[in-house]
$ cat model-v2.cif   # mmCIF, C-alpha atoms and all ligand atoms
data_final
#
loop_
_atom_site.label_atom_id
_atom_site.label_comp_id
_atom_site.auth_asym_id
_atom_site.auth_seq_id
_atom_site.Cartn_x
_atom_site.Cartn_y
_atom_site.Cartn_z
CA MET A 1 -35.24 -63.86 39.63
CA PHE A 2 -32.00 -62.45 38.25
CA ILE A 3 -30.69 -60.71 35.15
CA GLU A 4 -28.39 -62.31 32.59
CA ILE A 5 -26.43 -60.14 30.19
CA LEU A 6 -25.12 -62.22 27.30
CA GLY A 7 -22.21 -60.58 25.52
CA ALA A 8 -22.52 -61.88 21.98
CA ARG A 9 -19.62 -59.98 20.44
CA ASN A 10 -16.26 -58.63 21.45
CA PHE A 11 -16.61 -56.05 24.20
CA GLU A 12 -13.04 -55.64 25.42
CA LYS A 13 -13.44 -51.92 26.08
CA LEU A 14 -16.64 -52.27 28.05
CA ASP A 15 -16.34 -52.11 31.84
CA VAL A 16 -18.47 -55.19 32.51
CA GLY A 17 -18.19 -54.85 36.30
CA LEU A 18 -19.53 -51.29 36.20
CA LEU A 19 -22.29 -52.27 33.76
CA CYS A 20 -23.49 -55.06 36.06
CA LYS A 21 -23.34 -52.76 39.08
CA ASP A 22 -25.43 -50.07 37.34
CA VAL A 23 -28.03 -52.56 36.07
CA LYS A 24 -28.19 -54.13 39.51
CA SER A 25 -28.89 -50.80 41.17
CA ALA A 26 -31.64 -49.96 38.63
CA PHE A 27 -33.64 -53.11 39.43
CA ASN A 28 -32.23 -54.25 42.75
CA LEU A 29 -31.62 -57.72 41.30
CA GLU A 30 -28.49 -59.80 40.85
CA VAL A 31 -26.84 -59.43 37.45
CA ALA A 32 -24.59 -61.97 35.74
CA PHE A 33 -22.56 -61.25 32.60
CA ARG A 34 -21.21 -63.96 30.37
CA LYS A 35 -19.97 -64.27 26.85
CA THR A 36 -21.94 -66.37 24.45
CA VAL A 37 -21.73 -67.43 20.82
CA ILE A 38 -24.92 -67.17 18.81
CA ASP A 39 -25.17 -67.61 15.05
CA PHE A 40 -27.17 -64.58 13.91
CA GLY A 41 -26.91 -65.56 10.21
CA ALA A 42 -30.57 -66.49 9.77
CA THR A 43 -31.70 -63.08 11.07
CA PHE A 44 -29.67 -61.09 8.51
CA ASP A 45 -31.63 -59.16 5.90
CA ALA A 46 -29.44 -58.83 2.82
CA ASN A 47 -31.53 -55.99 1.35
CA ARG A 48 -31.33 -53.85 4.47
CA ILE A 49 -27.85 -55.06 5.50
CA GLN A 50 -29.22 -55.25 9.05
CA TYR A 51 -30.33 -57.91 11.51
CA ASN A 52 -33.98 -58.50 12.46
CA SER A 53 -34.09 -57.97 16.22
CA THR A 54 -37.46 -59.71 16.69
CA GLN A 55 -36.04 -62.82 15.06
CA ILE A 56 -32.99 -62.63 17.32
CA LEU A 57 -35.30 -62.61 20.37
CA HIS A 58 -36.96 -65.81 19.09
CA LEU A 59 -33.53 -67.30 18.47
CA LEU A 60 -32.49 -66.48 22.04
CA LEU A 61 -35.67 -67.86 23.57
CA ASN A 62 -35.19 -71.18 21.76
CA SER A 63 -31.41 -71.34 22.14
CA GLY A 64 -31.35 -73.22 25.43
CA LYS A 65 -28.82 -70.61 26.58
CA ILE A 66 -31.00 -68.83 29.12
CA GLN A 67 -31.89 -69.85 32.65
CA ASN A 68 -35.46 -70.49 33.81
CA ASN A 69 -35.53 -67.82 36.48
CA SER A 70 -33.97 -64.93 34.59
CA LYS A 71 -34.56 -62.01 32.29
CA ALA A 72 -31.94 -62.35 29.56
CA ILE A 73 -30.55 -59.59 27.37
CA ILE A 74 -28.14 -60.02 24.49
CA LEU A 75 -25.59 -57.28 24.05
CA THR A 76 -24.28 -57.12 20.52
CA ASP A 77 -22.84 -54.64 18.03
CA LEU A 78 -25.03 -55.59 15.08
CA ASP A 79 -27.14 -53.04 13.23
CA LEU A 80 -30.69 -54.00 14.25
CA PHE A 81 -34.09 -53.33 12.69
CA VAL A 82 -37.76 -54.14 12.99
CA PRO A 83 -39.70 -54.07 9.70
CA ILE A 84 -41.63 -50.84 10.48
CA LEU A 85 -38.54 -48.84 11.52
CA THR A 86 -35.27 -47.82 9.87
CA TYR A 87 -33.30 -49.07 12.86
CA VAL A 88 -33.61 -49.81 16.56
CA PHE A 89 -31.12 -49.55 19.43
CA GLY A 90 -32.73 -52.62 20.96
CA GLU A 91 -35.92 -54.55 21.46
CA ALA A 92 -37.62 -56.51 24.22
CA GLU A 93 -40.59 -58.75 24.77
CA LEU A 94 -43.00 -56.77 26.96
CA ASN A 95 -43.45 -58.80 30.12
CA GLY A 96 -41.32 -61.47 28.52
CA ARG A 97 -38.00 -63.14 29.14
CA THR A 98 -35.75 -61.80 26.43
CA ALA A 99 -34.30 -58.55 25.17
CA ILE A 100 -31.51 -57.28 22.97
CA ALA A 101 -29.42 -54.11 22.91
CA SER A 102 -26.87 -53.08 20.32
CA SER A 103 -23.93 -50.73 20.58
CA HIS A 104 -23.87 -50.27 16.79
CA ARG A 105 -25.47 -46.81 16.73
CA LEU A 106 -24.32 -45.82 20.23
CA HIS A 107 -20.71 -45.09 19.19
CA ASN A 108 -19.84 -41.46 18.60
CA GLU A 109 -17.77 -42.59 15.61
CA TYR A 110 -20.95 -43.78 13.91
CA TYR A 111 -21.97 -40.08 13.73
CA GLY A 112 -18.52 -38.87 12.69
CA LEU A 113 -17.71 -37.62 16.20
CA PRO A 114 -14.60 -38.37 18.29
CA LYS A 115 -14.47 -41.64 20.14
CA ASN A 116 -15.75 -41.43 23.72
CA GLU A 117 -15.61 -44.70 25.61
CA GLN A 118 -17.15 -43.37 28.79
CA LEU A 119 -20.14 -42.00 26.87
CA LEU A 120 -20.47 -45.31 25.02
CA GLN A 121 -20.48 -47.20 28.32
CA THR A 122 -23.23 -44.92 29.68
CA ARG A 123 -25.35 -45.25 26.54
CA ILE A 124 -25.05 -49.06 26.54
CA THR A 125 -26.00 -49.14 30.23
CA LYS A 126 -29.10 -46.99 29.66
CA GLU A 127 -30.16 -49.00 26.62
CA ILE A 128 -29.80 -52.27 28.52
CA ILE A 129 -31.79 -50.96 31.51
CA HIS A 130 -34.47 -49.61 29.14
CA GLU A 131 -34.96 -52.93 27.32
CA LEU A 132 -34.91 -54.90 30.57
CA GLY A 133 -37.56 -52.53 31.92
CA HIS A 134 -39.86 -53.71 29.11
CA THR A 135 -39.28 -57.36 30.08
CA PHE A 136 -40.56 -56.38 33.55
CA GLY A 137 -43.72 -54.95 31.93
CA LEU A 138 -42.75 -51.27 31.94
CA ILE A 139 -43.96 -49.22 28.98
CA HIS A 140 -42.58 -45.93 27.65
CA CYS A 141 -42.53 -43.08 30.15
CA LYS A 142 -43.29 -39.42 29.41
CA ASP A 143 -40.51 -38.19 31.70
CA TYR A 144 -37.60 -37.43 29.35
CA LYS A 145 -35.09 -38.07 32.13
CA CYS A 146 -36.49 -41.52 32.93
CA VAL A 147 -34.63 -44.46 31.44
CA MET A 148 -38.00 -45.77 30.14
CA HIS A 149 -38.47 -42.70 27.94
CA SER A 150 -38.48 -43.68 24.27
CA SER A 151 -35.29 -42.77 22.37
CA THR A 152 -35.15 -42.25 18.64
CA TYR A 153 -31.72 -40.63 18.59
CA VAL A 154 -28.61 -40.99 20.76
CA GLU A 155 -29.19 -37.42 21.93
CA ASP A 156 -32.43 -38.66 23.56
CA ILE A 157 -30.44 -41.36 25.36
CA ASP A 158 -27.94 -38.76 26.57
CA LEU A 159 -30.75 -36.75 28.20
CA LYS A 160 -31.94 -39.74 30.20
CA GLU A 161 -30.64 -41.00 33.49
CA ALA A 162 -29.65 -44.63 33.96
CA SER A 163 -32.51 -45.19 36.37
CA LEU A 164 -36.28 -45.53 36.63
CA CYS A 165 -38.30 -42.45 37.61
CA ILE A 166 -40.43 -42.66 40.75
CA SER A 167 -43.63 -43.65 38.94
CA CYS A 168 -41.87 -46.38 36.89
CA LYS A 169 -40.31 -47.67 40.10
CA VAL A 170 -43.78 -48.02 41.62
CA ASN A 171 -44.93 -50.06 38.60
CA PHE A 172 -41.83 -52.24 38.59
ZN ZN A 201 -38.63 -48.96 24.59
ZN ZN A 202 -40.51 -43.34 34.15
#

$ encode --input "model-v2.cif" --output "structure tokens"
Amino acid sequence: MFIEILGARNFEKLDVGLLCKDVKSAFNLEVAFRKTVIDFGATFDANRIQYNSTQILHLLLNSGKIQNNSKAIILTDLDLFVPILTYVFGEAELNGRTAIASSHRLHNEYYGLPKNEQLLQTRITKEIIHELGHTFGLIHCKDYKCVMHSSTYVEDIDLKEASLCISCKVNF
């Protein structure tokens, strides 16, 4: 079992080596990053001007782009939604094979704040670890510092650490 991170947009500023290292230490599994091209067109909702993340997960599962012995997560910068929510930072199949995380709402600039690439890197890392945690069957954790704590706002992400708490580690 290993983890595949599929970069589906341009992530020049992201420190991919550091991202892989941090994800690896959260799960103690090998992590591979590669760029991929996926046509997200069919998942675009013209009324919401957002992309349906559940549909993207189906697209990924049927794309033939993922290995048999991996958990695969797409990293994108699209604005994602699920029908019952205004937006999501990411989504995953619980106990499944696929997940997605988006940097769209993780940029400081999105909130009218100065650019902070280090903070963006940390937020992306936490969001990726969180969604991958769901693919390993982990549910939301009450510990606000645990990476599996649910985050509605970026401020919630900033309070978390990029790692599983002790009780989530036991369940992993
Ligand atoms: Zn979650
Ligand atoms: Zn936890």

$ residues_near_ligand --input "model-v2.cif" --ligand "ligand ZN 202 (chain A)" --cutoff "8 Å" --atoms "only C-alpha atoms and all ligand atoms" --output "JSON, numbers by chain"
{"A": [140, 141, 142, 143, 145, 146, 147, 148, 149, 164, 165, 166, 167, 168, 169]}

$ closest_atom_pairs --input "model-v2.cif" --of "range 50-72 of chain A" --to "range 6-28 of chain A" --cutoff "12 Å" --atoms "only C-alpha atoms" --output "Markdown table"
| residue | atom | partner | partner_atom | distance |
| --- | --- | --- | --- | --- |
| A:Ile56 | CA | A:Ala8 | CA | 11.5 |
| A:Leu60 | CA | A:Leu6 | CA | 10.0 |
| A:Lys65 | CA | A:Leu6 | CA | 9.2 |
| A:Ile66 | CA | A:Leu6 | CA | 9.0 |
| A:Gln67 | CA | A:Leu6 | CA | 11.5 |
| A:Ser70 | CA | A:Leu6 | CA | 11.8 |
| A:Lys71 | CA | A:Leu6 | CA | 10.7 |
| A:Ala72 | CA | A:Leu6 | CA | 7.2 |

$ residues_near_ligand --input "model-v2.cif" --ligand "ligand ZN 201 (chain A)" --cutoff "8 Å" --atoms "all atoms listed in the file" --output "PyMOL selection string"
chain A and resi 90-92+130-131+134+139-140+148-151

$ atom_distance --input "model-v2.cif" --atom1 "CA of Thr36 in chain A" --atom2 "CA of Glu117 in chain A"
22.6 Å

$ atom_distance --input "model-v2.cif" --atom1 "CA of Thr135 in chain A" --atom2 "CA of Ala46 in chain A"
29.0 Å

$ atom_distance --input "model-v2.cif" --atom1 "CA of Ile38 in chain A" --atom2 "CA of Glu109 in chain A"
25.8 Å

$ decode --input "model-v2.cif" --residues "range 22-40 of chain A" --atoms "N, CA and C atoms" --output "PDB file, in the first residue's frame"
ATOM      1  N   ASP A  22       6.048  15.071   4.599  1.00  0.00           N
ATOM      2  CA  ASP A  22       5.089  15.277   5.695  1.00  0.00           C
ATOM      3  C   ASP A  22       3.945  14.260   5.646  1.00  0.00           C
ATOM      4  N   VAL A  23       3.477  13.946   4.437  1.00  0.00           N
ATOM      5  CA  VAL A  23       2.390  12.965   4.301  1.00  0.00           C
ATOM      6  C   VAL A  23       2.910  11.586   4.682  1.00  0.00           C
ATOM      7  N   LYS A  24       4.136  11.309   4.265  1.00  0.00           N
ATOM      8  CA  LYS A  24       4.758  10.029   4.598  1.00  0.00           C
ATOM      9  C   LYS A  24       4.864   9.852   6.108  1.00  0.00           C
ATOM     10  N   SER A  25       5.271  10.910   6.808  1.00  0.00           N
ATOM     11  CA  SER A  25       5.442  10.749   8.254  1.00  0.00           C
ATOM     12  C   SER A  25       4.098  10.671   8.976  1.00  0.00           C
ATOM     13  N   ALA A  26       3.023  11.203   8.392  1.00  0.00           N
ATOM     14  CA  ALA A  26       1.703  11.084   9.030  1.00  0.00           C
ATOM     15  C   ALA A  26       1.191   9.650   8.992  1.00  0.00           C
ATOM     16  N   PHE A  27       1.478   8.925   7.911  1.00  0.00           N
ATOM     17  CA  PHE A  27       0.908   7.576   7.742  1.00  0.00           C
ATOM     18  C   PHE A  27       1.956   6.459   7.753  1.00  0.00           C
ATOM     19  N   ASN A  28       3.210   6.853   7.715  1.00  0.00           N
ATOM     20  CA  ASN A  28       4.278   5.866   7.646  1.00  0.00           C
ATOM     21  C   ASN A  28       4.145   4.967   6.408  1.00  0.00           C
ATOM     22  N   LEU A  29       3.799   5.609   5.291  1.00  0.00           N
ATOM     23  CA  LEU A  29       3.674   4.900   4.015  1.00  0.00           C
ATOM     24  C   LEU A  29       4.420   5.682   2.941  1.00  0.00           C
ATOM     25  N   GLU A  30       4.857   4.991   1.915  1.00  0.00           N
ATOM     26  CA  GLU A  30       5.541   5.665   0.806  1.00  0.00           C
ATOM     27  C   GLU A  30       4.559   6.587   0.081  1.00  0.00           C
ATOM     28  N   VAL A  31       5.076   7.718  -0.383  1.00  0.00           N
ATOM     29  CA  VAL A  31       4.246   8.702  -1.071  1.00  0.00           C
ATOM     30  C   VAL A  31       4.893   9.046  -2.407  1.00  0.00           C
ATOM     31  N   ALA A  32       4.103   8.999  -3.463  1.00  0.00           N
ATOM     32  CA  ALA A  32       4.598   9.379  -4.787  1.00  0.00           C
ATOM     33  C   ALA A  32       3.770  10.549  -5.298  1.00  0.00           C
ATOM     34  N   PHE A  33       4.445  11.549  -5.850  1.00  0.00           N
ATOM     35  CA  PHE A  33       3.751  12.699  -6.446  1.00  0.00           C
ATOM     36  C   PHE A  33       3.957  12.653  -7.943  1.00  0.00           C
ATOM     37  N   ARG A  34       2.900  12.848  -8.703  1.00  0.00           N
ATOM     38  CA  ARG A  34       3.096  13.046 -10.134  1.00  0.00           C
ATOM     39  C   ARG A  34       2.030  13.976 -10.674  1.00  0.00           C
ATOM     40  N   LYS A  35       2.388  14.601 -11.772  1.00  0.00           N
ATOM     41  CA  LYS A  35       1.431  15.496 -12.424  1.00  0.00           C
ATOM     42  C   LYS A  35       0.498  14.673 -13.283  1.00  0.00           C
ATOM     43  N   THR A  36      -0.720  15.122 -13.400  1.00  0.00           N
ATOM     44  CA  THR A  36      -1.655  14.406 -14.249  1.00  0.00           C
ATOM     45  C   THR A  36      -2.576  15.413 -14.922  1.00  0.00           C
ATOM     46  N   VAL A  37      -3.159  15.005 -16.032  1.00  0.00           N
ATOM     47  CA  VAL A  37      -4.108  15.869 -16.731  1.00  0.00           C
ATOM     48  C   VAL A  37      -5.465  15.177 -16.692  1.00  0.00           C
ATOM     49  N   ILE A  38      -6.413  15.838 -16.076  1.00  0.00           N
ATOM     50  CA  ILE A  38      -7.772  15.299 -15.999  1.00  0.00           C
ATOM     51  C   ILE A  38      -8.719  16.382 -16.510  1.00  0.00           C
ATOM     52  N   ASP A  39      -9.666  15.996 -17.354  1.00  0.00           N
ATOM     53  CA  ASP A  39     -10.651  16.952 -17.850  1.00  0.00           C
ATOM     54  C   ASP A  39     -11.803  17.021 -16.845  1.00  0.00           C
ATOM     55  N   PHE A  40     -11.862  18.127 -16.108  1.00  0.00           N
ATOM     56  CA  PHE A  40     -12.875  18.285 -15.067  1.00  0.00           C
ATOM     57  C   PHE A  40     -14.181  18.878 -15.614  1.00  0.00           C
TER      58      PHE A  40
END
